[in-house]
$ cat protein-v2.cif   # mmCIF, N, CA and C atoms
data_coords
loop_
_atom_site.label_atom_id
_atom_site.label_comp_id
_atom_site.auth_asym_id
_atom_site.auth_seq_id
_atom_site.Cartn_x
_atom_site.Cartn_y
_atom_site.Cartn_z
N MET Q 7 2.73 9.30 -5.94
CA MET Q 7 2.76 10.69 -6.33
C MET Q 7 1.69 11.42 -5.52
N LEU Q 8 2.03 12.58 -5.03
CA LEU Q 8 1.11 13.43 -4.30
C LEU Q 8 0.95 14.74 -5.07
N ILE Q 9 -0.29 15.12 -5.29
CA ILE Q 9 -0.60 16.39 -5.98
C ILE Q 9 -1.39 17.23 -5.00
N ALA Q 10 -0.93 18.44 -4.73
CA ALA Q 10 -1.60 19.32 -3.77
C ALA Q 10 -1.60 20.74 -4.29
N ASP Q 11 -2.66 21.50 -3.97
CA ASP Q 11 -2.70 22.88 -4.46
C ASP Q 11 -2.16 23.86 -3.44
N ASP Q 12 -2.05 23.50 -2.19
CA ASP Q 12 -1.43 24.42 -1.24
C ASP Q 12 -0.38 23.75 -0.36
N GLY Q 13 -0.56 22.52 -0.01
CA GLY Q 13 0.43 21.81 0.79
C GLY Q 13 -0.07 20.44 1.18
N GLY Q 14 0.86 19.50 1.28
CA GLY Q 14 0.47 18.17 1.68
C GLY Q 14 1.66 17.34 2.11
N LYS Q 15 1.37 16.26 2.84
CA LYS Q 15 2.38 15.31 3.28
C LYS Q 15 1.84 13.91 3.09
N LEU Q 16 2.71 12.99 2.73
CA LEU Q 16 2.36 11.58 2.61
C LEU Q 16 3.22 10.79 3.59
N LEU Q 17 2.55 10.00 4.42
CA LEU Q 17 3.23 9.11 5.35
C LEU Q 17 2.75 7.69 5.08
N ILE Q 18 3.67 6.74 5.06
CA ILE Q 18 3.33 5.33 4.92
C ILE Q 18 3.90 4.61 6.13
N ASP Q 19 3.02 3.95 6.86
CA ASP Q 19 3.38 3.28 8.10
C ASP Q 19 4.09 4.26 9.04
N ARG Q 20 3.54 5.48 9.08
CA ARG Q 20 4.00 6.58 9.94
C ARG Q 20 5.36 7.15 9.57
N GLU Q 21 5.93 6.69 8.45
CA GLU Q 21 7.21 7.22 7.98
C GLU Q 21 6.95 8.28 6.91
N PRO Q 22 7.55 9.49 7.05
CA PRO Q 22 7.38 10.52 6.01
C PRO Q 22 7.95 10.04 4.67
N VAL Q 23 7.15 10.16 3.62
CA VAL Q 23 7.58 9.75 2.29
C VAL Q 23 7.71 10.98 1.39
N LEU Q 24 6.71 11.86 1.42
CA LEU Q 24 6.74 13.10 0.63
C LEU Q 24 6.32 14.25 1.52
N ASP Q 25 7.02 15.37 1.42
CA ASP Q 25 6.68 16.55 2.21
C ASP Q 25 6.58 17.75 1.26
N LEU Q 26 5.34 18.14 0.97
CA LEU Q 26 5.06 19.30 0.12
C LEU Q 26 4.39 20.39 0.94
N TRP Q 27 4.70 20.47 2.22
CA TRP Q 27 3.97 21.35 3.12
C TRP Q 27 4.27 22.82 2.87
N GLU Q 28 5.53 23.15 2.69
CA GLU Q 28 5.92 24.55 2.54
C GLU Q 28 5.69 25.02 1.11
N PRO Q 29 5.20 26.25 0.96
CA PRO Q 29 5.01 26.79 -0.40
C PRO Q 29 6.34 26.87 -1.15
N VAL Q 30 6.29 26.65 -2.45
CA VAL Q 30 7.48 26.71 -3.29
C VAL Q 30 7.33 27.93 -4.19
N GLU Q 31 8.33 28.79 -4.17
CA GLU Q 31 8.30 30.01 -4.98
C GLU Q 31 8.28 29.66 -6.47
N ASP Q 32 7.57 30.43 -7.24
CA ASP Q 32 7.52 30.32 -8.70
C ASP Q 32 7.05 28.95 -9.21
N VAL Q 33 6.22 28.27 -8.43
CA VAL Q 33 5.65 26.99 -8.88
C VAL Q 33 4.15 27.17 -9.02
N GLU Q 34 3.64 26.83 -10.20
CA GLU Q 34 2.21 26.96 -10.46
C GLU Q 34 1.45 25.89 -9.68
N MET Q 35 0.33 26.27 -9.10
CA MET Q 35 -0.49 25.34 -8.32
C MET Q 35 -1.52 24.68 -9.22
N PRO Q 36 -1.94 23.46 -8.99
CA PRO Q 36 -1.37 22.56 -7.99
C PRO Q 36 -0.02 22.02 -8.45
N PHE Q 37 0.79 21.57 -7.51
CA PHE Q 37 2.09 21.01 -7.86
C PHE Q 37 2.15 19.57 -7.37
N SER Q 38 3.04 18.79 -7.98
CA SER Q 38 3.11 17.38 -7.65
C SER Q 38 4.55 16.97 -7.38
N HIS Q 39 4.67 15.86 -6.69
CA HIS Q 39 5.98 15.29 -6.43
C HIS Q 39 5.79 13.80 -6.23
N GLY Q 40 6.70 13.03 -6.71
CA GLY Q 40 6.61 11.58 -6.55
C GLY Q 40 7.98 10.99 -6.32
N ARG Q 41 7.99 9.77 -5.82
CA ARG Q 41 9.24 9.05 -5.65
C ARG Q 41 8.93 7.57 -5.50
N GLU Q 42 9.92 6.75 -5.77
CA GLU Q 42 9.74 5.32 -5.55
C GLU Q 42 9.86 5.05 -4.06
N TYR Q 43 9.00 4.17 -3.58
CA TYR Q 43 9.02 3.80 -2.17
C TYR Q 43 8.68 2.31 -2.10
N PRO Q 44 9.68 1.46 -1.81
CA PRO Q 44 9.43 0.02 -1.82
C PRO Q 44 8.53 -0.40 -0.66
N LEU Q 45 7.56 -1.27 -0.97
CA LEU Q 45 6.66 -1.82 0.05
C LEU Q 45 6.65 -3.33 -0.05
N GLU Q 46 6.64 -3.98 1.09
CA GLU Q 46 6.44 -5.43 1.10
C GLU Q 46 4.95 -5.68 1.00
N ALA Q 47 4.58 -6.85 0.50
CA ALA Q 47 3.17 -7.21 0.40
C ALA Q 47 2.56 -7.22 1.80
N GLY Q 48 1.32 -6.76 1.89
CA GLY Q 48 0.62 -6.75 3.17
C GLY Q 48 -0.16 -5.47 3.37
N VAL Q 49 -0.59 -5.25 4.59
CA VAL Q 49 -1.40 -4.08 4.96
C VAL Q 49 -0.46 -2.95 5.39
N HIS Q 50 -0.73 -1.75 4.89
CA HIS Q 50 0.08 -0.58 5.24
C HIS Q 50 -0.84 0.59 5.57
N LEU Q 51 -0.42 1.41 6.53
CA LEU Q 51 -1.14 2.61 6.90
C LEU Q 51 -0.69 3.75 5.99
N ILE Q 52 -1.62 4.31 5.22
CA ILE Q 52 -1.33 5.45 4.35
C ILE Q 52 -2.04 6.66 4.94
N GLU Q 53 -1.28 7.68 5.27
CA GLU Q 53 -1.84 8.92 5.82
C GLU Q 53 -1.48 10.08 4.89
N ILE Q 54 -2.46 10.91 4.62
CA ILE Q 54 -2.22 12.10 3.82
C ILE Q 54 -2.72 13.29 4.62
N GLU Q 55 -1.84 14.23 4.87
CA GLU Q 55 -2.20 15.48 5.52
C GLU Q 55 -2.16 16.56 4.46
N TYR Q 56 -3.10 17.49 4.51
CA TYR Q 56 -3.05 18.58 3.54
C TYR Q 56 -3.57 19.85 4.18
N ARG Q 57 -3.18 20.95 3.58
CA ARG Q 57 -3.63 22.26 4.07
C ARG Q 57 -4.14 23.08 2.89
N GLU Q 58 -5.05 23.97 3.19
CA GLU Q 58 -5.65 24.83 2.18
C GLU Q 58 -5.53 26.27 2.64
N GLU Q 59 -4.98 27.12 1.80
CA GLU Q 59 -4.83 28.54 2.11
C GLU Q 59 -6.11 29.31 1.87
N GLY Q 60 -6.95 28.82 1.02
CA GLY Q 60 -8.20 29.50 0.69
C GLY Q 60 -8.82 28.84 -0.52
N ASP Q 61 -10.07 29.11 -0.74
CA ASP Q 61 -10.80 28.54 -1.87
C ASP Q 61 -11.08 27.07 -1.62
N VAL Q 62 -10.84 26.19 -2.57
CA VAL Q 62 -11.21 24.79 -2.48
C VAL Q 62 -9.97 23.93 -2.25
N ALA Q 63 -10.04 23.01 -1.28
CA ALA Q 63 -8.93 22.10 -1.02
C ALA Q 63 -8.84 21.07 -2.14
N GLU Q 64 -7.63 20.78 -2.58
CA GLU Q 64 -7.43 19.77 -3.62
C GLU Q 64 -6.15 19.00 -3.32
N VAL Q 65 -6.30 17.69 -3.17
CA VAL Q 65 -5.14 16.81 -2.97
C VAL Q 65 -5.46 15.47 -3.62
N HIS Q 66 -4.45 14.89 -4.28
CA HIS Q 66 -4.62 13.62 -4.96
C HIS Q 66 -3.41 12.73 -4.65
N PHE Q 67 -3.68 11.44 -4.48
CA PHE Q 67 -2.62 10.46 -4.25
C PHE Q 67 -2.71 9.42 -5.37
N LEU Q 68 -1.60 9.24 -6.08
CA LEU Q 68 -1.53 8.29 -7.19
C LEU Q 68 -0.40 7.30 -6.91
N ALA Q 69 -0.61 6.05 -7.28
CA ALA Q 69 0.41 5.03 -7.05
C ALA Q 69 0.35 3.97 -8.14
N THR Q 70 1.41 3.20 -8.24
CA THR Q 70 1.44 2.05 -9.14
C THR Q 70 2.27 0.96 -8.49
N PHE Q 71 1.95 -0.27 -8.82
CA PHE Q 71 2.70 -1.41 -8.32
C PHE Q 71 3.40 -2.14 -9.47
N ASP Q 72 3.40 -1.51 -10.64
CA ASP Q 72 4.01 -2.09 -11.83
C ASP Q 72 4.74 -0.97 -12.56
N GLU Q 73 6.03 -1.12 -12.73
CA GLU Q 73 6.82 -0.04 -13.36
C GLU Q 73 6.41 0.24 -14.79
N ASN Q 74 5.66 -0.66 -15.42
CA ASN Q 74 5.20 -0.45 -16.79
C ASN Q 74 3.85 0.26 -16.88
N ILE Q 75 3.25 0.54 -15.73
CA ILE Q 75 1.95 1.22 -15.69
C ILE Q 75 2.13 2.56 -14.97
N PRO Q 76 1.68 3.66 -15.57
CA PRO Q 76 1.83 4.96 -14.90
C PRO Q 76 1.00 5.02 -13.62
N PRO Q 77 1.40 5.88 -12.67
CA PRO Q 77 0.64 6.01 -11.43
C PRO Q 77 -0.80 6.45 -11.69
N GLY Q 78 -1.71 5.94 -10.86
CA GLY Q 78 -3.12 6.29 -10.94
C GLY Q 78 -3.74 6.12 -9.56
N PRO Q 79 -5.02 6.46 -9.43
CA PRO Q 79 -5.69 6.29 -8.14
C PRO Q 79 -5.71 4.81 -7.74
N LEU Q 80 -5.58 4.54 -6.45
CA LEU Q 80 -5.68 3.16 -5.98
C LEU Q 80 -7.14 2.72 -6.05
N PRO Q 81 -7.39 1.49 -6.46
CA PRO Q 81 -8.77 1.00 -6.50
C PRO Q 81 -9.36 0.95 -5.08
N SER Q 82 -10.63 1.27 -4.95
CA SER Q 82 -11.27 1.27 -3.63
C SER Q 82 -11.20 -0.11 -2.98
N SER Q 83 -11.08 -1.17 -3.77
CA SER Q 83 -10.98 -2.51 -3.21
C SER Q 83 -9.67 -2.70 -2.43
N MET Q 84 -8.70 -1.81 -2.64
CA MET Q 84 -7.43 -1.90 -1.92
C MET Q 84 -7.41 -1.02 -0.68
N LEU Q 85 -8.47 -0.25 -0.44
CA LEU Q 85 -8.49 0.70 0.66
C LEU Q 85 -9.52 0.30 1.71
N ASP Q 86 -9.15 0.42 2.97
CA ASP Q 86 -10.05 0.17 4.09
C ASP Q 86 -9.90 1.31 5.08
N TYR Q 87 -11.00 1.78 5.59
CA TYR Q 87 -11.01 2.80 6.64
C TYR Q 87 -11.00 2.08 7.98
N PRO Q 88 -10.01 2.34 8.84
CA PRO Q 88 -9.92 1.59 10.09
C PRO Q 88 -10.97 1.98 11.13
N GLY Q 89 -11.78 2.99 10.84
CA GLY Q 89 -12.81 3.42 11.78
C GLY Q 89 -12.30 4.51 12.71
N ASP Q 90 -13.20 5.10 13.44
CA ASP Q 90 -12.83 6.18 14.34
C ASP Q 90 -12.20 5.68 15.64
N ASP Q 91 -12.46 4.43 16.01
CA ASP Q 91 -11.93 3.87 17.25
C ASP Q 91 -10.75 2.95 17.00
N PHE Q 92 -9.82 3.40 16.17
CA PHE Q 92 -8.66 2.55 15.90
C PHE Q 92 -7.61 2.73 16.98
N ASP Q 93 -6.77 1.72 17.11
CA ASP Q 93 -5.69 1.70 18.10
C ASP Q 93 -4.51 2.50 17.56
N GLU Q 94 -4.11 3.55 18.24
CA GLU Q 94 -2.99 4.39 17.79
C GLU Q 94 -1.71 3.58 17.63
N GLU Q 95 -1.50 2.57 18.49
CA GLU Q 95 -0.30 1.75 18.43
C GLU Q 95 -0.33 0.79 17.24
N ASN Q 96 -1.53 0.36 16.84
CA ASN Q 96 -1.69 -0.59 15.75
C ASN Q 96 -2.92 -0.19 14.92
N PRO Q 97 -2.82 0.92 14.17
CA PRO Q 97 -4.00 1.45 13.47
C PRO Q 97 -4.59 0.52 12.43
N CYS Q 98 -3.84 -0.43 11.92
CA CYS Q 98 -4.35 -1.38 10.93
C CYS Q 98 -4.77 -2.69 11.57
N GLY Q 99 -4.75 -2.77 12.88
CA GLY Q 99 -5.04 -4.01 13.58
C GLY Q 99 -6.43 -4.54 13.38
N ASN Q 100 -7.42 -3.68 13.09
CA ASN Q 100 -8.80 -4.12 12.91
C ASN Q 100 -9.11 -4.52 11.48
N LEU Q 101 -8.14 -4.40 10.58
CA LEU Q 101 -8.41 -4.70 9.17
C LEU Q 101 -8.16 -6.15 8.85
#
$ encode --input "protein-v2.cif" --output "structure tokens"
Amino acid sequence: MLIADDGGKLLIDREPVLDLWEPVEDVEMPFSHGREYPLEAGVHLIEIEYREEGDVAEVHFLATFDENIPPGPLPSSMLDYPGDDFDEENPCGNL
């Protein structure tokens, strides 16, 4: 699930999963959207792009790996920053 107050996109392994970039008429901010996206076990590149029209930027990413548990923030133990010198062809290669 992606929650954004002005616009955002979620990409997993460079594939677009959610696109909330364009403003939606008559929708109170922030707005959210979610969908099921199957993943195989292993390392995946998660990219979130967001935009802010003014004021304070706000974007949240929530996920679950168990259909009986509601989406929530991923634990920091599951996240790794690939560094500033990552390989564009294989951004998770150093992890």
$ atom_distance --input "protein-v2.cif" --atom1 "CA of Leu51 in chain Q" --atom2 "CA of Ile18 in chain Q"
5.6 Å
$ resolve_selection --input "protein-v2.cif" --expression "the PyMOL selection byres ((chain Q and resi 98) around 7)" --output "PDB file with N, CA and C atoms, keeping the file's coordinate frame"
ATOM      1  N   VAL Q  49      -0.590  -5.250   4.590  1.00  0.00           N
ATOM      2  CA  VAL Q  49      -1.400  -4.080   4.960  1.00  0.00           C
ATOM      3  C   VAL Q  49      -0.460  -2.950   5.390  1.00  0.00           C
ATOM      4  N   HIS Q  50      -0.730  -1.750   4.890  1.00  0.00           N
ATOM      5  CA  HIS Q  50       0.080  -0.580   5.240  1.00  0.00           C
ATOM      6  C   HIS Q  50      -0.840   0.590   5.570  1.00  0.00           C
ATOM      7  N   LEU Q  51      -0.420   1.410   6.530  1.00  0.00           N
ATOM      8  CA  LEU Q  51      -1.140   2.610   6.900  1.00  0.00           C
ATOM      9  C   LEU Q  51      -0.690   3.750   5.990  1.00  0.00           C
ATOM     10  N   PRO Q  88     -10.010   2.340   8.840  1.00  0.00           N
ATOM     11  CA  PRO Q  88      -9.920   1.590  10.090  1.00  0.00           C
ATOM     12  C   PRO Q  88     -10.970   1.980  11.130  1.00  0.00           C
ATOM     13  N   PHE Q  92      -9.820   3.400  16.170  1.00  0.00           N
ATOM     14  CA  PHE Q  92      -8.660   2.550  15.900  1.00  0.00           C
ATOM     15  C   PHE Q  92      -7.610   2.730  16.980  1.00  0.00           C
ATOM     16  N   ASP Q  93      -6.770   1.720  17.110  1.00  0.00           N
ATOM     17  CA  ASP Q  93      -5.690   1.700  18.100  1.00  0.00           C
ATOM     18  C   ASP Q  93      -4.510   2.500  17.560  1.00  0.00           C
ATOM     19  N   GLU Q  95      -1.500   2.570  18.490  1.00  0.00           N
ATOM     20  CA  GLU Q  95      -0.300   1.750  18.430  1.00  0.00           C
ATOM     21  C   GLU Q  95      -0.330   0.790  17.240  1.00  0.00           C
ATOM     22  N   ASN Q  96      -1.530   0.360  16.840  1.00  0.00           N
ATOM     23  CA  ASN Q  96      -1.690  -0.590  15.750  1.00  0.00           C
ATOM     24  C   ASN Q  96      -2.920  -0.190  14.920  1.00  0.00           C
ATOM     25  N   PRO Q  97      -2.820   0.920  14.170  1.00  0.00           N
ATOM     26  CA  PRO Q  97      -4.000   1.450  13.470  1.00  0.00           C
ATOM     27  C   PRO Q  97      -4.590   0.520  12.430  1.00  0.00           C
ATOM     28  N   GLY Q  99      -4.750  -2.770  12.880  1.00  0.00           N
ATOM     29  CA  GLY Q  99      -5.040  -4.010  13.580  1.00  0.00           C
ATOM     30  C   GLY Q  99      -6.430  -4.540  13.380  1.00  0.00           C
ATOM     31  N   ASN Q 100      -7.420  -3.680  13.090  1.00  0.00           N
ATOM     32  CA  ASN Q 100      -8.800  -4.120  12.910  1.00  0.00           C
ATOM     33  C   ASN Q 100      -9.110  -4.520  11.480  1.00  0.00           C
ATOM     34  N   LEU Q 101      -8.140  -4.400  10.580  1.00  0.00           N
ATOM     35  CA  LEU Q 101      -8.410  -4.700   9.170  1.00  0.00           C
ATOM     36  C   LEU Q 101      -8.160  -6.150   8.850  1.00  0.00           C
TER      37      LEU Q 101
END
$ select_by_dssp --input "protein-v2.cif" --residues "chain Q" --states "strand (DSSP E or B)" --output "JSON, numbers by chain"
{"Q": [8, 9, 10, 13, 14, 15, 16, 17, 18, 21, 22, 23, 24, 25, 37, 38, 39, 52, 53, 54, 55, 56, 57, 65, 66, 67, 69, 78, 93, 96]}
$ resolve_selection --input "protein-v2.cif" --expression "the PyMOL selection byres (((chain Q and resi 68 and name CA) around 12) and name CA)" --output "ChimeraX atom specification"
/Q:7-10,16,38-42,52,54,65-67,69-71,75-81
$ write_last_selection --input "protein-v2.cif" --atoms "N, CA and C atoms" --output "mmCIF file, keeping the file's coordinate frame"
data_model
loop_
_atom_site.group_PDB
_atom_site.id
_atom_site.type_symbol
_atom_site.label_atom_id
_atom_site.label_comp_id
_atom_site.auth_asym_id
_atom_site.auth_seq_id
_atom_site.Cartn_x
_atom_site.Cartn_y
_atom_site.Cartn_z
ATOM 1 N N MET Q 7 2.730 9.300 -5.940
ATOM 2 C CA MET Q 7 2.760 10.690 -6.330
ATOM 3 C C MET Q 7 1.690 11.420 -5.520
ATOM 4 N N LEU Q 8 2.030 12.580 -5.030
ATOM 5 C CA LEU Q 8 1.110 13.430 -4.300
ATOM 6 C C LEU Q 8 0.950 14.740 -5.070
ATOM 7 N N ILE Q 9 -0.290 15.120 -5.290
ATOM 8 C CA ILE Q 9 -0.600 16.390 -5.980
ATOM 9 C C ILE Q 9 -1.390 17.230 -5.000
ATOM 10 N N ALA Q 10 -0.930 18.440 -4.730
ATOM 11 C CA ALA Q 10 -1.600 19.320 -3.770
ATOM 12 C C ALA Q 10 -1.600 20.740 -4.290
ATOM 13 N N LEU Q 16 2.710 12.990 2.730
ATOM 14 C CA LEU Q 16 2.360 11.580 2.610
ATOM 15 C C LEU Q 16 3.220 10.790 3.590
ATOM 16 N N SER Q 38 3.040 18.790 -7.980
ATOM 17 C CA SER Q 38 3.110 17.380 -7.650
ATOM 18 C C SER Q 38 4.550 16.970 -7.380
ATOM 19 N N HIS Q 39 4.670 15.860 -6.690
ATOM 20 C CA HIS Q 39 5.980 15.290 -6.430
ATOM 21 C C HIS Q 39 5.790 13.800 -6.230
ATOM 22 N N GLY Q 40 6.700 13.030 -6.710
ATOM 23 C CA GLY Q 40 6.610 11.580 -6.550
ATOM 24 C C GLY Q 40 7.980 10.990 -6.320
ATOM 25 N N ARG Q 41 7.990 9.770 -5.820
ATOM 26 C CA ARG Q 41 9.240 9.050 -5.650
ATOM 27 C C ARG Q 41 8.930 7.570 -5.500
ATOM 28 N N GLU Q 42 9.920 6.750 -5.770
ATOM 29 C CA GLU Q 42 9.740 5.320 -5.550
ATOM 30 C C GLU Q 42 9.860 5.050 -4.060
ATOM 31 N N ILE Q 52 -1.620 4.310 5.220
ATOM 32 C CA ILE Q 52 -1.330 5.450 4.350
ATOM 33 C C ILE Q 52 -2.040 6.660 4.940
ATOM 34 N N ILE Q 54 -2.460 10.910 4.620
ATOM 35 C CA ILE Q 54 -2.220 12.100 3.820
ATOM 36 C C ILE Q 54 -2.720 13.290 4.620
ATOM 37 N N VAL Q 65 -6.300 17.690 -3.170
ATOM 38 C CA VAL Q 65 -5.140 16.810 -2.970
ATOM 39 C C VAL Q 65 -5.460 15.470 -3.620
ATOM 40 N N HIS Q 66 -4.450 14.890 -4.280
ATOM 41 C CA HIS Q 66 -4.620 13.620 -4.960
ATOM 42 C C HIS Q 66 -3.410 12.730 -4.650
ATOM 43 N N PHE Q 67 -3.680 11.440 -4.480
ATOM 44 C CA PHE Q 67 -2.620 10.460 -4.250
ATOM 45 C C PHE Q 67 -2.710 9.420 -5.370
ATOM 46 N N ALA Q 69 -0.610 6.050 -7.280
ATOM 47 C CA ALA Q 69 0.410 5.030 -7.050
ATOM 48 C C ALA Q 69 0.350 3.970 -8.140
ATOM 49 N N THR Q 70 1.410 3.200 -8.240
ATOM 50 C CA THR Q 70 1.440 2.050 -9.140
ATOM 51 C C THR Q 70 2.270 0.960 -8.490
ATOM 52 N N PHE Q 71 1.950 -0.270 -8.820
ATOM 53 C CA PHE Q 71 2.700 -1.410 -8.320
ATOM 54 C C PHE Q 71 3.400 -2.140 -9.470
ATOM 55 N N ILE Q 75 3.250 0.540 -15.730
ATOM 56 C CA ILE Q 75 1.950 1.220 -15.690
ATOM 57 C C ILE Q 75 2.130 2.560 -14.970
ATOM 58 N N PRO Q 76 1.680 3.660 -15.570
ATOM 59 C CA PRO Q 76 1.830 4.960 -14.900
ATOM 60 C C PRO Q 76 1.000 5.020 -13.620
ATOM 61 N N PRO Q 77 1.400 5.880 -12.670
ATOM 62 C CA PRO Q 77 0.640 6.010 -11.430
ATOM 63 C C PRO Q 77 -0.800 6.450 -11.690
ATOM 64 N N GLY Q 78 -1.710 5.940 -10.860
ATOM 65 C CA GLY Q 78 -3.120 6.290 -10.940
ATOM 66 C C GLY Q 78 -3.740 6.120 -9.560
ATOM 67 N N PRO Q 79 -5.020 6.460 -9.430
ATOM 68 C CA PRO Q 79 -5.690 6.290 -8.140
ATOM 69 C C PRO Q 79 -5.710 4.810 -7.740
ATOM 70 N N LEU Q 80 -5.580 4.540 -6.450
ATOM 71 C CA LEU Q 80 -5.680 3.160 -5.980
ATOM 72 C C LEU Q 80 -7.140 2.720 -6.050
ATOM 73 N N PRO Q 81 -7.390 1.490 -6.460
ATOM 74 C CA PRO Q 81 -8.770 1.000 -6.500
ATOM 75 C C PRO Q 81 -9.360 0.950 -5.080
#
$ atom_distance --input "protein-v2.cif" --atom1 "CA of Ser82 in chain Q" --atom2 "CA of Ala47 in chain Q"
17.2 Å
$ resolve_selection --input "protein-v2.cif" --expression "the PyMOL selection byres (((chain Q and resi 14 and name CA) around 6) and name CA)" --output "ChimeraX atom specification"
/Q:10,13,15,26-27,55-56
$ atom_distance --input "protein-v2.cif" --atom1 "atom N of Asp12 in chain Q" --atom2 "atom N of Ala63 in chain Q"
8.1 Å
$ closest_residue --input "protein-v2.cif" --among "Q:Glu53, Q:Glu94, Q:Glu59, Q:Glu46" --to "Asp25 in chain Q" --atoms "only C-alpha atoms"
Q:Glu53
$ build_atoms --input "protein-v2.cif" --residues "range 14-26 of chain Q" --atoms "N, CA, C and O atoms" --output "compact mmCIF listing (two decimals), in the frame of the given file"
# COMPACT_ATOMS: atom_id res chain seq x y z
N GLY Q 14 0.86 19.50 1.28
CA GLY Q 14 0.47 18.17 1.68
C GLY Q 14 1.66 17.34 2.11
O GLY Q 14 2.81 17.66 1.80
N LYS Q 15 1.37 16.26 2.84
CA LYS Q 15 2.38 15.31 3.28
C LYS Q 15 1.84 13.91 3.09
O LYS Q 15 0.65 13.66 3.28
N LEU Q 16 2.71 12.99 2.73
CA LEU Q 16 2.36 11.58 2.61
C LEU Q 16 3.22 10.79 3.59
O LEU Q 16 4.44 10.93 3.60
N LEU Q 17 2.55 10.00 4.42
CA LEU Q 17 3.23 9.11 5.35
C LEU Q 17 2.75 7.69 5.08
O LEU Q 17 1.56 7.46 4.86
N ILE Q 18 3.67 6.74 5.06
CA ILE Q 18 3.33 5.33 4.92
C ILE Q 18 3.90 4.61 6.13
O ILE Q 18 5.10 4.70 6.41
N ASP Q 19 3.02 3.95 6.86
CA ASP Q 19 3.38 3.28 8.10
C ASP Q 19 4.09 4.26 9.04
O ASP Q 19 5.08 3.95 9.67
N ARG Q 20 3.54 5.48 9.08
CA ARG Q 20 4.00 6.58 9.94
C ARG Q 20 5.36 7.15 9.57
O ARG Q 20 5.88 8.02 10.25
N GLU Q 21 5.93 6.69 8.45
CA GLU Q 21 7.21 7.22 7.98
C GLU Q 21 6.95 8.28 6.91
O GLU Q 21 6.22 8.03 5.96
N PRO Q 22 7.55 9.49 7.05
CA PRO Q 22 7.38 10.52 6.01
C PRO Q 22 7.95 10.04 4.67
O PRO Q 22 9.08 9.56 4.62
N VAL Q 23 7.15 10.16 3.62
CA VAL Q 23 7.58 9.75 2.29
C VAL Q 23 7.71 10.98 1.39
O VAL Q 23 8.69 11.13 0.69
N LEU Q 24 6.71 11.86 1.42
CA LEU Q 24 6.74 13.10 0.63
C LEU Q 24 6.32 14.25 1.52
O LEU Q 24 5.35 14.14 2.28
N ASP Q 25 7.02 15.37 1.42
CA ASP Q 25 6.68 16.55 2.21
C ASP Q 25 6.58 17.75 1.26
O ASP Q 25 7.57 18.26 0.79
N LEU Q 26 5.34 18.14 0.97
CA LEU Q 26 5.06 19.30 0.12
C LEU Q 26 4.39 20.39 0.94
O LEU Q 26 3.56 21.13 0.43
